[in-house]
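See below for run.txt, which holds compact mmCIF, C-alpha atoms and all ligand atoms.
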```txt
# COMPACT_ATOMS: atom_id res chain seq x y z
CA MET V 1 11.33 -6.07 12.84
CA ASP V 2 9.50 -6.58 9.58
CA HIS V 3 6.37 -5.32 7.88
CA PHE V 4 4.37 -8.56 7.88
CA LEU V 5 1.68 -7.97 10.47
CA TYR V 6 -1.94 -8.92 11.05
CA GLN V 7 -4.38 -6.14 10.28
CA ASN V 8 -8.10 -6.77 10.91
CA GLY V 9 -7.44 -10.47 11.36
CA ALA V 10 -5.55 -10.92 8.09
CA LEU V 11 -1.80 -11.15 7.50
CA HIS V 12 -0.52 -8.23 5.45
CA ALA V 13 2.70 -7.39 3.66
CA GLU V 14 2.91 -3.68 4.48
CA ASP V 15 -0.62 -2.51 3.54
CA VAL V 16 -1.48 -5.33 1.15
CA ALA V 17 -3.47 -8.35 2.32
CA ILE V 18 -1.60 -11.57 1.56
CA SER V 19 -4.91 -13.14 0.52
CA ASP V 20 -5.32 -10.45 -2.19
CA ILE V 21 -1.93 -11.35 -3.64
CA ALA V 22 -2.81 -15.04 -3.48
CA ALA V 23 -6.05 -14.37 -5.36
CA ALA V 24 -4.18 -12.47 -8.07
CA VAL V 25 -1.07 -14.64 -8.41
CA GLY V 26 -2.04 -18.09 -7.13
CA THR V 27 0.04 -20.08 -4.63
CA PRO V 28 2.79 -20.76 -3.81
CA PHE V 29 4.58 -17.41 -4.15
CA TYR V 30 7.31 -15.38 -2.50
CA VAL V 31 6.50 -11.87 -1.33
CA TYR V 32 9.03 -9.23 -0.26
CA SER V 33 8.51 -5.99 1.61
CA ALA V 34 10.37 -3.01 0.16
CA ALA V 35 10.17 -1.12 3.47
CA THR V 36 11.77 -4.04 5.32
CA LEU V 37 14.58 -4.37 2.78
CA ARG V 38 15.33 -0.66 3.09
CA ARG V 39 15.12 -0.74 6.85
CA HIS V 40 17.64 -3.58 7.10
CA TYR V 41 20.05 -1.82 4.76
CA LYS V 42 19.80 1.33 6.87
CA LEU V 43 20.57 -0.62 10.05
CA PHE V 44 23.97 -1.45 8.59
CA GLN V 45 24.46 2.14 7.45
CA GLU V 46 23.80 3.31 11.00
CA ALA V 47 26.07 0.60 12.41
CA LEU V 48 28.99 1.81 10.28
CA HIS V 49 28.16 5.50 10.56
CA GLY V 50 31.25 7.69 10.61
CA MET V 51 33.45 5.00 9.07
CA ASP V 52 34.30 5.11 5.39
CA HIS V 53 32.30 2.10 4.15
CA LEU V 54 30.42 0.31 1.38
CA ILE V 55 27.62 -2.18 2.06
CA CYS V 56 27.73 -4.77 -0.73
CA PHE V 57 24.49 -6.76 -0.68
CA ALA V 58 25.32 -10.47 -1.19
CA MET V 59 22.94 -11.14 -4.06
CA LYS V 60 23.27 -14.88 -3.67
CA ALA V 61 20.69 -14.40 -0.89
CA ASN V 62 18.16 -12.79 -3.21
CA GLY V 63 19.01 -12.01 -6.80
CA ASN V 64 15.74 -10.65 -8.11
CA LEU V 65 16.34 -7.71 -10.43
CA ALA V 66 13.79 -5.52 -8.61
CA VAL V 67 15.41 -6.24 -5.24
CA LEU V 68 18.81 -5.37 -6.71
CA LYS V 69 17.42 -2.14 -8.17
CA LEU V 70 16.01 -1.22 -4.76
CA MET V 71 19.43 -1.87 -3.22
CA ALA V 72 21.23 0.04 -5.97
CA ASP V 73 18.94 3.06 -5.43
CA LEU V 74 19.98 3.07 -1.76
CA GLY V 75 23.60 3.33 -2.86
CA ALA V 76 24.48 -0.27 -2.06
CA GLY V 77 27.28 -2.17 -3.69
CA ILE V 78 26.77 -5.81 -4.66
CA ASP V 79 28.78 -8.93 -3.84
CA VAL V 80 28.64 -11.32 -6.80
CA VAL V 81 29.96 -14.86 -7.18
CA SER V 82 29.51 -15.56 -10.88
CA ILE V 83 29.43 -13.68 -14.14
CA GLY V 84 25.69 -14.37 -14.23
CA GLU V 85 25.30 -12.45 -10.99
CA TYR V 86 27.66 -9.75 -12.26
CA HIS V 87 25.55 -9.11 -15.36
CA LYS V 88 22.35 -9.22 -13.35
CA ALA V 89 23.70 -6.58 -10.97
CA ARG V 90 24.71 -4.42 -13.94
CA ALA V 91 21.26 -4.91 -15.48
CA ALA V 92 19.75 -3.64 -12.22
CA GLY V 93 21.78 -0.44 -12.57
CA VAL V 94 24.71 -1.17 -10.25
CA PRO V 95 27.91 0.40 -11.61
CA GLY V 96 30.99 -1.82 -11.89
CA GLU V 97 32.84 0.25 -9.31
CA ARG V 98 30.32 -0.90 -6.71
CA ILE V 99 30.61 -4.63 -7.50
CA VAL V 100 32.96 -6.98 -5.66
CA PHE V 101 33.58 -10.43 -7.12
CA SER V 102 33.87 -13.29 -4.60
CA GLY V 103 34.08 -17.07 -5.01
CA VAL V 104 36.68 -19.84 -5.02
CA GLY V 105 36.37 -20.80 -8.67
CA LYS V 106 36.26 -17.74 -10.91
CA THR V 107 37.03 -18.77 -14.47
CA ARG V 108 39.22 -16.80 -16.85
CA ASP V 109 36.14 -15.96 -18.93
CA GLU V 110 34.46 -14.54 -15.85
CA MET V 111 37.55 -12.50 -14.96
CA ARG V 112 37.81 -11.15 -18.49
CA ALA V 113 34.15 -10.11 -18.64
CA ALA V 114 34.31 -8.37 -15.26
CA LEU V 115 37.53 -6.55 -16.15
CA ILE V 116 36.05 -5.33 -19.40
CA GLY V 117 32.74 -4.38 -17.79
CA GLY V 118 34.37 -2.67 -14.81
CA ILE V 119 34.81 -4.05 -11.31
CA ARG V 120 35.62 -2.62 -7.90
CA GLN V 121 37.72 -5.58 -6.82
CA PHE V 122 38.20 -9.32 -7.08
CA ASN V 123 38.36 -11.16 -3.78
CA VAL V 124 41.07 -13.65 -4.69
CA GLU V 125 40.94 -17.00 -2.90
CA SER V 126 44.03 -18.93 -4.02
CA GLU V 127 47.46 -18.66 -5.65
CA PRO V 128 46.39 -20.30 -8.92
CA GLU V 129 43.51 -17.82 -9.14
CA LEU V 130 45.93 -14.96 -8.50
CA LEU V 131 48.21 -16.08 -11.32
CA ALA V 132 45.29 -16.58 -13.72
CA LEU V 133 43.88 -13.13 -12.93
CA GLY V 134 47.31 -11.51 -13.47
CA GLN V 135 47.54 -13.16 -16.89
CA VAL V 136 43.99 -12.26 -17.92
CA ALA V 137 44.41 -8.63 -16.82
CA THR V 138 47.80 -8.26 -18.53
CA GLY V 139 46.34 -9.77 -21.70
CA LEU V 140 43.72 -7.03 -21.69
CA GLY V 141 46.24 -4.32 -20.86
CA LYS V 142 44.43 -3.74 -17.57
CA THR V 143 45.16 -3.91 -13.87
CA ALA V 144 42.91 -5.96 -11.60
CA PRO V 145 42.27 -4.46 -8.15
CA ILE V 146 42.28 -7.28 -5.62
CA THR V 147 41.91 -8.21 -2.01
CA ILE V 148 43.12 -11.61 -0.90
CA ARG V 149 40.69 -13.65 1.14
CA VAL V 150 42.33 -15.04 4.22
CA ASN V 151 41.05 -17.98 6.20
CA PRO V 152 41.49 -17.03 9.86
CA ASP V 153 40.79 -20.54 11.20
CA VAL V 154 37.98 -19.37 13.45
CA ASP V 155 34.97 -21.45 14.44
CA ALA V 156 31.89 -19.48 13.39
CA LYS V 157 29.67 -21.71 15.57
CA THR V 158 27.08 -22.13 12.85
CA HIS V 159 25.72 -25.04 10.78
CA ALA V 160 28.63 -27.01 9.25
CA LYS V 161 27.32 -26.52 5.72
CA ILE V 162 27.54 -22.73 6.00
CA ALA V 163 30.74 -22.31 8.05
CA THR V 164 33.64 -21.10 5.93
CA GLY V 165 36.35 -19.79 8.24
CA LYS V 166 37.98 -22.99 9.51
CA SER V 167 41.17 -24.31 7.98
CA GLU V 168 39.37 -27.42 6.72
CA ASN V 169 37.04 -25.26 4.58
CA LYS V 170 37.83 -24.61 0.91
CA PHE V 171 37.76 -20.83 1.30
CA GLY V 172 40.63 -18.31 1.26
CA ILE V 173 44.32 -18.82 1.92
CA PRO V 174 45.57 -19.78 5.39
CA ILE V 175 46.22 -16.57 7.31
CA ALA V 176 49.66 -17.85 8.31
CA LYS V 177 50.62 -17.85 4.63
CA ALA V 178 49.18 -14.43 3.89
CA ARG V 179 52.40 -12.36 3.93
CA GLU V 180 53.99 -14.70 1.42
CA VAL V 181 51.01 -14.57 -0.96
CA PHE V 182 50.62 -10.79 -0.65
CA ALA V 183 54.33 -10.44 -1.52
CA GLN V 184 53.79 -12.62 -4.57
CA ALA V 185 50.74 -10.57 -5.58
CA ALA V 186 52.61 -7.28 -5.23
CA ASN V 187 55.16 -8.43 -7.78
CA LEU V 188 52.67 -9.70 -10.34
CA PRO V 189 51.97 -7.62 -13.44
CA GLY V 190 48.28 -6.85 -13.91
CA ILE V 191 47.53 -7.02 -10.19
CA GLU V 192 47.02 -4.21 -7.72
CA VAL V 193 46.59 -5.23 -4.08
CA VAL V 194 44.07 -2.97 -2.35
CA GLY V 195 43.17 -4.89 0.77
CA ILE V 196 42.22 -7.98 2.73
CA ASP V 197 39.01 -10.03 2.57
CA VAL V 198 37.53 -12.37 5.17
CA HIS V 199 34.18 -14.17 5.49
CA ILE V 200 33.82 -16.79 8.20
CA GLY V 201 30.33 -18.14 7.63
CA SER V 202 26.63 -17.46 7.58
CA GLN V 203 23.84 -17.26 10.19
CA LEU V 204 26.26 -16.29 12.96
CA THR V 205 24.44 -15.72 16.21
CA ASP V 206 27.43 -14.83 18.35
CA LEU V 207 29.84 -11.93 17.86
CA SER V 208 32.93 -13.56 19.38
CA PRO V 209 34.00 -15.38 16.16
CA TYR V 210 33.84 -12.02 14.36
CA GLU V 211 35.90 -10.40 17.07
CA MET V 212 38.54 -13.12 16.79
CA ALA V 213 38.66 -12.99 13.00
CA PHE V 214 38.73 -9.17 12.81
CA THR V 215 41.48 -9.00 15.42
CA LYS V 216 43.56 -11.33 13.24
CA VAL V 217 42.78 -9.13 10.21
CA ALA V 218 43.90 -6.03 12.16
CA ASP V 219 47.21 -7.71 13.05
CA LEU V 220 47.67 -8.80 9.46
CA THR V 221 46.94 -5.28 8.19
CA ARG V 222 49.74 -3.90 10.35
CA ALA V 223 52.13 -6.66 9.29
CA LEU V 224 51.36 -6.18 5.61
CA ARG V 225 51.78 -2.43 5.89
CA SER V 226 55.16 -2.93 7.47
CA ASP V 227 55.98 -5.15 4.47
CA GLY V 228 55.21 -2.14 2.28
CA HIS V 229 51.69 -2.96 1.05
CA ASP V 230 49.13 -0.19 0.76
CA ILE V 231 46.28 -1.95 2.60
CA ARG V 232 43.40 0.49 2.32
CA ARG V 233 40.27 -1.69 2.11
CA LEU V 234 38.99 -4.40 4.40
CA ASP V 235 36.17 -6.59 3.11
CA LEU V 236 34.66 -8.33 6.13
CA GLY V 237 32.16 -10.54 4.31
CA GLY V 238 28.64 -11.13 5.59
CA GLY V 239 27.13 -13.68 7.90
CA LEU V 240 25.22 -11.86 10.61
CA GLY V 241 22.36 -14.15 11.66
CA ILE V 242 18.64 -13.46 11.92
CA PRO V 243 16.02 -14.64 14.42
CA TYR V 244 14.32 -17.53 12.62
CA GLU V 245 12.62 -18.66 15.80
CA ARG V 246 10.81 -15.81 17.42
CA SER V 247 10.78 -17.56 20.77
CA ASN V 248 14.58 -17.94 20.78
CA LEU V 249 17.20 -15.53 21.95
CA ALA V 250 17.70 -12.86 19.30
CA PRO V 251 21.06 -12.77 17.46
CA PRO V 252 23.24 -9.66 17.87
CA LEU V 253 22.05 -6.45 16.27
CA PRO V 254 23.85 -4.78 13.35
CA MET V 255 24.74 -1.94 15.75
CA GLU V 256 26.57 -4.39 18.03
CA TYR V 257 28.29 -5.95 15.01
CA GLY V 258 29.31 -2.45 13.91
CA ALA V 259 30.76 -1.83 17.36
CA VAL V 260 32.97 -4.93 17.01
CA ILE V 261 34.21 -3.64 13.64
CA ARG V 262 34.92 -0.21 15.10
CA GLN V 263 36.70 -1.63 18.11
CA THR V 264 38.89 -4.13 16.23
CA LEU V 265 39.55 -2.28 12.96
CA GLY V 266 38.41 1.30 13.50
CA ASP V 267 41.84 2.84 14.03
CA LEU V 268 43.41 1.50 10.82
CA GLY V 269 42.00 4.18 8.53
CA CYS V 270 40.77 1.57 6.06
CA GLU V 271 37.59 1.68 4.02
CA ILE V 272 35.30 -1.04 5.39
CA GLU V 273 33.26 -3.25 3.07
CA ILE V 274 30.67 -5.71 4.32
CA GLU V 275 28.66 -8.27 2.33
CA PRO V 276 25.42 -8.94 4.21
CA GLY V 277 22.79 -11.04 2.46
CA ARG V 278 20.56 -12.85 4.92
CA LEU V 279 20.09 -10.00 7.38
CA ILE V 280 18.89 -7.67 4.65
CA ALA V 281 16.63 -10.05 2.75
CA GLY V 282 15.74 -12.91 5.12
CA ASN V 283 13.04 -11.34 7.22
CA ALA V 284 11.93 -9.17 4.33
CA GLY V 285 10.24 -12.13 2.63
CA LEU V 286 7.56 -14.77 3.07
CA LEU V 287 6.76 -17.91 1.14
CA VAL V 288 2.98 -18.19 0.94
CA SER V 289 1.37 -21.54 0.33
CA SER V 290 -2.07 -23.19 0.41
CA VAL V 291 -3.10 -26.25 2.32
CA ILE V 292 -3.99 -29.07 -0.08
CA TYR V 293 -5.01 -31.71 2.45
CA LEU V 294 -4.92 -32.46 6.12
CA LYS V 295 -4.09 -36.15 6.26
CA GLU V 296 -4.69 -37.94 9.51
CA GLY V 297 -2.04 -40.63 9.92
CA GLU V 298 -1.36 -43.09 12.69
CA GLY V 299 -0.36 -40.97 15.62
CA ARG V 300 0.66 -38.11 13.30
CA ASN V 301 -1.22 -35.62 11.25
CA PHE V 302 0.23 -34.26 8.03
CA LEU V 303 -0.51 -30.83 6.71
CA ILE V 304 0.16 -31.20 2.98
CA LEU V 305 0.96 -27.88 1.31
CA ASP V 306 1.30 -26.82 -2.31
CA ALA V 307 4.83 -25.57 -1.55
CA ALA V 308 7.61 -28.13 -1.36
CA MET V 309 11.33 -28.61 -0.83
CA ASN V 310 12.02 -27.47 -4.40
CA ASP V 311 10.54 -24.06 -3.52
CA LEU V 312 12.24 -23.65 -0.12
CA ILE V 313 15.08 -26.09 0.40
CA ARG V 314 16.47 -24.77 3.68
CA PRO V 315 14.63 -27.18 6.03
CA ALA V 316 15.67 -30.22 3.95
CA MET V 317 19.22 -29.02 3.41
CA TYR V 318 20.20 -27.43 6.73
CA ASP V 319 17.47 -28.71 9.07
CA ALA V 320 16.50 -25.05 9.14
CA TYR V 321 13.60 -23.77 11.19
CA HIS V 322 11.08 -21.40 9.59
CA ASP V 323 8.13 -19.97 11.47
CA ILE V 324 4.86 -21.01 9.80
CA VAL V 325 1.81 -18.87 10.43
CA ALA V 326 -1.81 -18.95 9.32
CA VAL V 327 -2.63 -16.05 6.99
CA ALA V 328 -6.08 -15.70 8.61
CA GLN V 329 -5.28 -14.69 12.18
CA PRO V 330 -6.28 -17.50 14.56
CA ALA V 331 -8.85 -16.58 17.18
CA ALA V 332 -7.32 -15.63 20.52
CA GLY V 333 -6.92 -18.72 22.70
CA CYS V 334 -7.57 -21.12 19.81
CA GLU V 335 -6.19 -24.56 20.45
CA LEU V 336 -2.94 -25.40 18.65
CA ARG V 337 -2.35 -28.94 17.43
CA PRO V 338 0.90 -30.60 16.38
CA VAL V 339 1.16 -31.37 12.66
CA ASP V 340 3.95 -32.41 10.32
CA VAL V 341 4.09 -29.76 7.62
CA VAL V 342 5.06 -31.35 4.32
CA GLY V 343 5.09 -30.73 0.58
CA PRO V 344 3.94 -32.96 -2.27
CA VAL V 345 7.45 -34.00 -3.45
CA CYS V 346 8.17 -37.73 -3.40
CA GLU V 347 10.85 -37.67 -0.71
CA SER V 348 10.55 -37.93 3.04
CA GLY V 349 13.01 -35.04 3.20
CA ASP V 350 10.23 -32.87 1.81
CA THR V 351 9.24 -31.99 5.36
CA PHE V 352 9.19 -28.38 6.50
CA ALA V 353 8.49 -29.04 10.16
CA ARG V 354 7.66 -31.92 12.47
CA ALA V 355 5.06 -31.77 15.22
CA ARG V 356 4.64 -28.03 14.70
CA ALA V 357 1.90 -26.52 16.86
CA LEU V 358 -0.51 -24.82 14.47
CA PRO V 359 -4.11 -23.67 14.65
CA PRO V 360 -6.71 -25.86 12.90
CA LEU V 361 -6.28 -25.55 9.14
CA VAL V 362 -8.29 -27.02 6.29
CA SER V 363 -7.91 -27.40 2.52
CA GLY V 364 -7.58 -24.05 0.81
CA ASP V 365 -6.31 -22.15 3.87
CA LEU V 366 -3.23 -20.01 3.35
CA VAL V 367 -0.07 -20.31 5.43
CA ALA V 368 3.12 -18.24 5.31
CA PHE V 369 6.70 -19.26 5.99
CA ARG V 370 8.51 -16.40 7.64
CA SER V 371 12.17 -15.45 7.11
CA ALA V 372 12.07 -16.80 3.55
CA GLY V 373 13.41 -13.74 1.72
CA ALA V 374 17.01 -14.97 1.72
CA TYR V 375 18.16 -18.27 0.21
CA GLY V 376 14.54 -19.03 -0.71
CA ALA V 377 13.61 -18.27 -4.32
CA VAL V 378 17.27 -18.25 -5.38
CA MET V 379 17.73 -21.86 -4.30
CA ALA V 380 14.50 -23.11 -5.86
CA SER V 381 14.39 -25.73 -8.59
CA GLU V 382 11.79 -27.38 -10.80
CA TYR V 383 12.27 -30.79 -9.22
CA ASN V 384 9.23 -33.03 -9.68
CA GLY V 385 8.11 -30.92 -12.64
CA ARG V 386 7.07 -28.04 -10.41
CA PRO V 387 7.42 -24.59 -12.05
CA LEU V 388 9.48 -22.00 -10.17
CA VAL V 389 7.20 -20.00 -7.91
CA PRO V 390 6.62 -16.31 -8.67
CA GLU V 391 8.05 -13.44 -6.66
CA VAL V 392 6.06 -10.37 -5.65
CA LEU V 393 7.27 -7.04 -4.27
CA VAL V 394 5.09 -4.91 -2.02
CA GLU V 395 5.55 -1.23 -1.34
CA GLY V 396 2.90 0.45 0.80
CA ASP V 397 -0.47 -0.46 -0.67
CA GLN V 398 0.84 -1.58 -4.06
CA PHE V 399 2.30 -4.84 -5.25
CA ALA V 400 3.86 -6.13 -8.44
CA VAL V 401 4.92 -9.50 -9.75
CA ILE V 402 8.69 -9.21 -10.06
CA ARG V 403 9.12 -12.69 -11.45
CA ALA V 404 6.21 -14.42 -13.13
CA ARG V 405 5.38 -18.07 -12.71
CA PRO V 406 6.41 -19.80 -15.94
CA SER V 407 3.60 -21.57 -17.76
CA LEU V 408 3.83 -25.35 -17.99
CA GLU V 409 4.44 -24.86 -21.70
CA GLU V 410 7.45 -22.60 -21.01
CA MET V 411 8.83 -25.03 -18.49
CA ILE V 412 8.46 -28.02 -20.79
CA MET V 413 9.75 -26.33 -23.93
CA ARG V 414 13.07 -25.38 -22.35
CA ASP V 415 14.08 -28.95 -23.12
CA ARG V 416 14.89 -29.90 -26.71
CA ILE V 417 14.39 -33.19 -28.50
CA PRO V 418 17.22 -33.71 -31.03
CA GLU V 419 16.18 -34.20 -34.63
CA TRP V 420 17.81 -37.62 -34.76
CA LEU V 421 15.75 -38.99 -31.89
N1 LIG W 501 30.05 -13.10 1.40
C1 LIG W 501 30.47 -14.33 1.07
C2 LIG W 501 31.81 -14.50 0.52
C3 LIG W 501 29.61 -15.43 1.25
O1 LIG W 501 30.03 -16.66 0.92
C4 LIG W 501 28.31 -15.24 1.78
C5 LIG W 501 27.39 -16.35 1.96
C6 LIG W 501 27.92 -13.92 2.10
C7 LIG W 501 28.81 -12.88 1.90
C8 LIG W 501 26.57 -13.59 2.66
O2 LIG W 501 26.36 -14.17 3.89
P1 LIG W 501 25.03 -13.83 4.72
O3 LIG W 501 25.14 -12.39 5.18
O4 LIG W 501 23.86 -14.01 3.83
O5 LIG W 501 25.03 -14.80 5.83
N2 LIG W 501 22.24 -21.16 1.56
C9 LIG W 501 22.62 -21.01 2.95
C10 LIG W 501 23.54 -19.84 3.16
C11 LIG W 501 24.80 -19.89 2.34
C12 LIG W 501 25.71 -18.71 2.54
C13 LIG W 501 26.82 -18.70 1.56
N3 LIG W 501 27.67 -17.57 1.61
C14 LIG W 501 21.37 -20.91 3.80
O6 LIG W 501 20.26 -20.98 3.27
O7 LIG W 501 21.46 -20.81 5.02
```
Could you render the structure as structure tokens?
Ligand code: LLP
Amino acid sequence: MDHFLYQNGALHAEDVAISDIAAAVGTPFYVYSAATLRRHYKLFQEALHGMDHLICFAMKANGNLAVLKLMADLGAGIDVVSIGEYHKARAAGVPGERIVFSGVGKTRDEMRAALIGGIRQFNVESEPELLALGQVATGLGKTAPITIRVNPDVDAKTHAKIATGKSENKFGIPIAKAREVFAQAANLPGIEVVGIDVHIGSQLTDLSPYEMAFTKVADLTRALRSDGHDIRRLDLGGGLGIPYERSNLAPPLPMEYGAVIRQTLGDLGCEIEIEPGRLIAGNAGLLVSSVIYLKEGEGRNFLILDAAMNDLIRPAMYDAYHDIVAVAQPAAGCELRPVDVVGPVCESGDTFARARALPPLVSGDLVAFRSAGAYGAVMASEYNGRPLVPEVLVEGDQFAVIRARPSLEEMIMRDRIPEWL
């Protein structure tokens, strides 16, 4: 459930009319609902109720400072994957002891900065990384708390580009090798092993891969404990999917996901960490765009929008489906017609949807892409000389621009012409 509903024939974000934001900010823009973000966070809290846990929002899904502040105020931790994300989380008020650092390629500079700034744990993904971290920490006279990410070789049954838990993926160390690597870690100066990490992929719509992976993690926890390791934290990653297509079967609920965690890992007495991104932010955001033209082609009609693949890359990159709705509520029983929804970028891949049944729309009409709050603005670029679109946060009847659209001047002047040219 989200807070983007029609009221008096007009799409609203909570109590603010989308058309009012469009008039103030111009299109395209992203808009997020604070109430929806909070609600999604609370669903995970309820799902893990009674278990010692920390919900670390995966800020790669939505890294806006205001969104991070909202999460921090709820008590969330943050999962970061670069020192840029680390500093952004800190700037939003998240203390180091609530930040976990994931990613296959952390550099020594990144390790050093996080150790100095304060960090809850590094999720280590390889032996070379482990050795580097030990050296960096020792050099600083510090100890780095770590989990080791294991690759459980489980098929997450999701899009190949966002599956991470199979042995052919670059992530984690093979679970069969885990005891050996944990033994190595335990003997390294500057390293303190605190637990195990696993993340098998994103947009999972079935719980069975989780169940398989978590069962393997439970077995590994027991084995590692018998080897003498103090395994006290289990980071289970993120990945729970969201309903992009309203007509489709809904993915499992956080409560059902929580039940799988409880059933597979609940008796181990470990602190549970999860790193959800998409489920918290995805359906808490829209991308709002205006129709530029309706172009009647041969046998196909094209709805040309002012938003493009550079603003929302998911359809081009993952063949992702996003619901597209008219901001002015269509009259009941109005006839829907198939259109190809496209942007102005000079690539055929700049197609949001093919033969999508939409109500009649004309130049200037507003449309909204649903489920665009995660992996939307964060993946945007300025391809084709198109400035990054602004982001807006709504709470009740108020809204604020939480990232302004850069002026053309600002965009152009980021480049430099050398004196000698
Ligand atoms: N933890 C780790 C280690 C991850 O790699 C990811 C996502 C997450 C947590 C959060 O997963 P989530 O709960 O959001 O599914 N750009 C793609 C998604 C890439 C996901 C990458 N890792 C998309 O637009 O579908």
>> Taking all atoms listed in the file into account, list the residues no farther than 8 Å from ligand LIG 501 (chain W), as a PyMOL selection string.
In response: chain V and resi 57-58+60-61+79+81+102-103+161-162+164+198-199+201-204+237-241+274-280+313-314+318+320+374-376+379
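Of note, atom CA of Ala47 of chain V and atom CA of Ile272 of chain V are spaced 11.7 Å apart.
Closest approach to Asp52 of chain V from the set V:Leu268, V:Ile242, V:Met255, V:Leu366 is made by V:Leu268, with distances taken over only C-alpha atoms.
Residue nearest Pro390 of chain V, chosen from V:Gly269, V:Pro344, V:Pro406, V:Pro254 and counting only C-alpha atoms: V:Pro406.
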>> Let me make sure I understand: among V:Ala114, V:Leu54, V:Ala10, V:Ile146, which one has the smallest atom-to-atom distance to Cys270 of chain V if we use only C-alpha atoms?
In response: V:Leu54
>> What's around segment 11-25 of chain V at 10 Å? Count all atoms listed in the file, leave out sequence neighbours fewer than 3 positions away in its own chain, and write the answer as a PyMOL selection string.
In response: chain V and resi 2-8+28-29+31-36+284-286+288-290+325-329+365-368+389-401+404-405
>> Which residues are near Pro174 of chain V? Cut-off 9 Å, only C-alpha atoms, ignore same chain within fewer than 2 positions. Put them as number ranges by chain.
In response: V: 149-153, 167, 171-172, 176-178
>> Rounded to one decimal, what separation in Å do you get between atom CA of Leu48 of chain V and atom CA of Phe214 of chain V?
In response: 14.9 Å
>> Between V:Tyr383, V:Phe302, V:Tyr321, V:Trp420, which residue has the minimum interatomic distance to Leu358 of chain V, considering only C-alpha atoms?
In response: V:Phe302
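Here atom CA of Ala259 of chain V and atom CA of Glu273 of chain V stand 14.6 Å from one another.
Here the question is which of V:Met309, V:Leu74, V:Ile261, V:Leu220 gets nearest to Arg38 of chain V using only C-alpha atoms, and that residue is V:Leu74.
The point (7.3, -26.9, 5.5) has these residues within 6 Å of it, counting all atoms listed in the file: Val341, Val342, Thr351, Phe352 and Ala353 of chain V.
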>> Between V:Thr221, V:Arg233, V:Thr215, V:Leu131, which residue has the minimum interatomic distance to Arg262 of chain V, considering all atoms listed in the file?
In response: V:Thr215
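All protein and nucleic acid residues in the vicinity of (-6.2, -32.2, 4.8), that is within 9 Å when counting all atoms listed in the file, are V:Val291, V:Ile292, V:Tyr293, V:Leu294, V:Lys295, V:Glu296, V:Asn301, V:Phe302, V:Leu303, V:Ile304, V:Leu361, V:Val362, V:Ser363.
Excluding segment 117-123 of chain V itself and same-chain residues fewer than 3 positions from it, the residues having an atom within 7 Å of it are V:Gly96, V:Glu97, V:Arg98, V:Ile99, V:Val100, V:Phe101, V:Ser102, V:Ala113, V:Ala114, V:Pro145, V:Ile146, V:Thr147, V:Ile148, V:Arg149, V:Asp197, counting all atoms listed in the file.
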> Do you know which residues are at most 12 Å from Gln184 of chain V counting only C-alpha atoms, after dropping those on the same chain fewer than 6 positions away, and could you put them as number ranges by chain?
Replying inline: V: 126-128, 130-131, 134, 148, 177-178, 191-193, 227, 229
Could N, CA, C and O atoms be built for segment 166-173 of chain V and written out as a PDB file, in the frame of the given file?
```pdb
ATOM      1  N   LYS V 166      37.054 -22.053   8.872  1.00  0.00           N
ATOM      2  CA  LYS V 166      37.980 -22.990   9.510  1.00  0.00           C
ATOM      3  C   LYS V 166      38.975 -23.479   8.472  1.00  0.00           C
ATOM      4  O   LYS V 166      38.685 -23.506   7.282  1.00  0.00           O
ATOM      5  N   SER V 167      40.136 -23.928   8.943  1.00  0.00           N
ATOM      6  CA  SER V 167      41.170 -24.310   7.980  1.00  0.00           C
ATOM      7  C   SER V 167      40.748 -25.482   7.100  1.00  0.00           C
ATOM      8  O   SER V 167      41.246 -25.645   6.005  1.00  0.00           O
ATOM      9  N   GLU V 168      39.791 -26.295   7.570  1.00  0.00           N
ATOM     10  CA  GLU V 168      39.370 -27.420   6.720  1.00  0.00           C
ATOM     11  C   GLU V 168      38.407 -26.977   5.610  1.00  0.00           C
ATOM     12  O   GLU V 168      38.068 -27.765   4.742  1.00  0.00           O
ATOM     13  N   ASN V 169      37.949 -25.736   5.626  1.00  0.00           N
ATOM     14  CA  ASN V 169      37.040 -25.260   4.580  1.00  0.00           C
ATOM     15  C   ASN V 169      37.828 -24.856   3.331  1.00  0.00           C
ATOM     16  O   ASN V 169      39.002 -24.528   3.410  1.00  0.00           O
ATOM     17  N   LYS V 170      37.135 -24.855   2.193  1.00  0.00           N
ATOM     18  CA  LYS V 170      37.830 -24.610   0.910  1.00  0.00           C
ATOM     19  C   LYS V 170      38.120 -23.134   0.656  1.00  0.00           C
ATOM     20  O   LYS V 170      38.685 -22.781  -0.372  1.00  0.00           O
ATOM     21  N   PHE V 171      37.758 -22.271   1.575  1.00  0.00           N
ATOM     22  CA  PHE V 171      37.760 -20.830   1.300  1.00  0.00           C
ATOM     23  C   PHE V 171      39.039 -20.121   1.732  1.00  0.00           C
ATOM     24  O   PHE V 171      39.555 -20.362   2.819  1.00  0.00           O
ATOM     25  N   GLY V 172      39.528 -19.200   0.892  1.00  0.00           N
ATOM     26  CA  GLY V 172      40.630 -18.310   1.260  1.00  0.00           C
ATOM     27  C   GLY V 172      41.968 -19.028   1.387  1.00  0.00           C
ATOM     28  O   GLY V 172      42.078 -20.249   1.206  1.00  0.00           O
ATOM     29  N   ILE V 173      42.997 -18.234   1.689  1.00  0.00           N
ATOM     30  CA  ILE V 173      44.320 -18.820   1.920  1.00  0.00           C
ATOM     31  C   ILE V 173      44.580 -18.781   3.425  1.00  0.00           C
ATOM     32  O   ILE V 173      44.099 -17.885   4.111  1.00  0.00           O
TER      33      ILE V 173
END
```
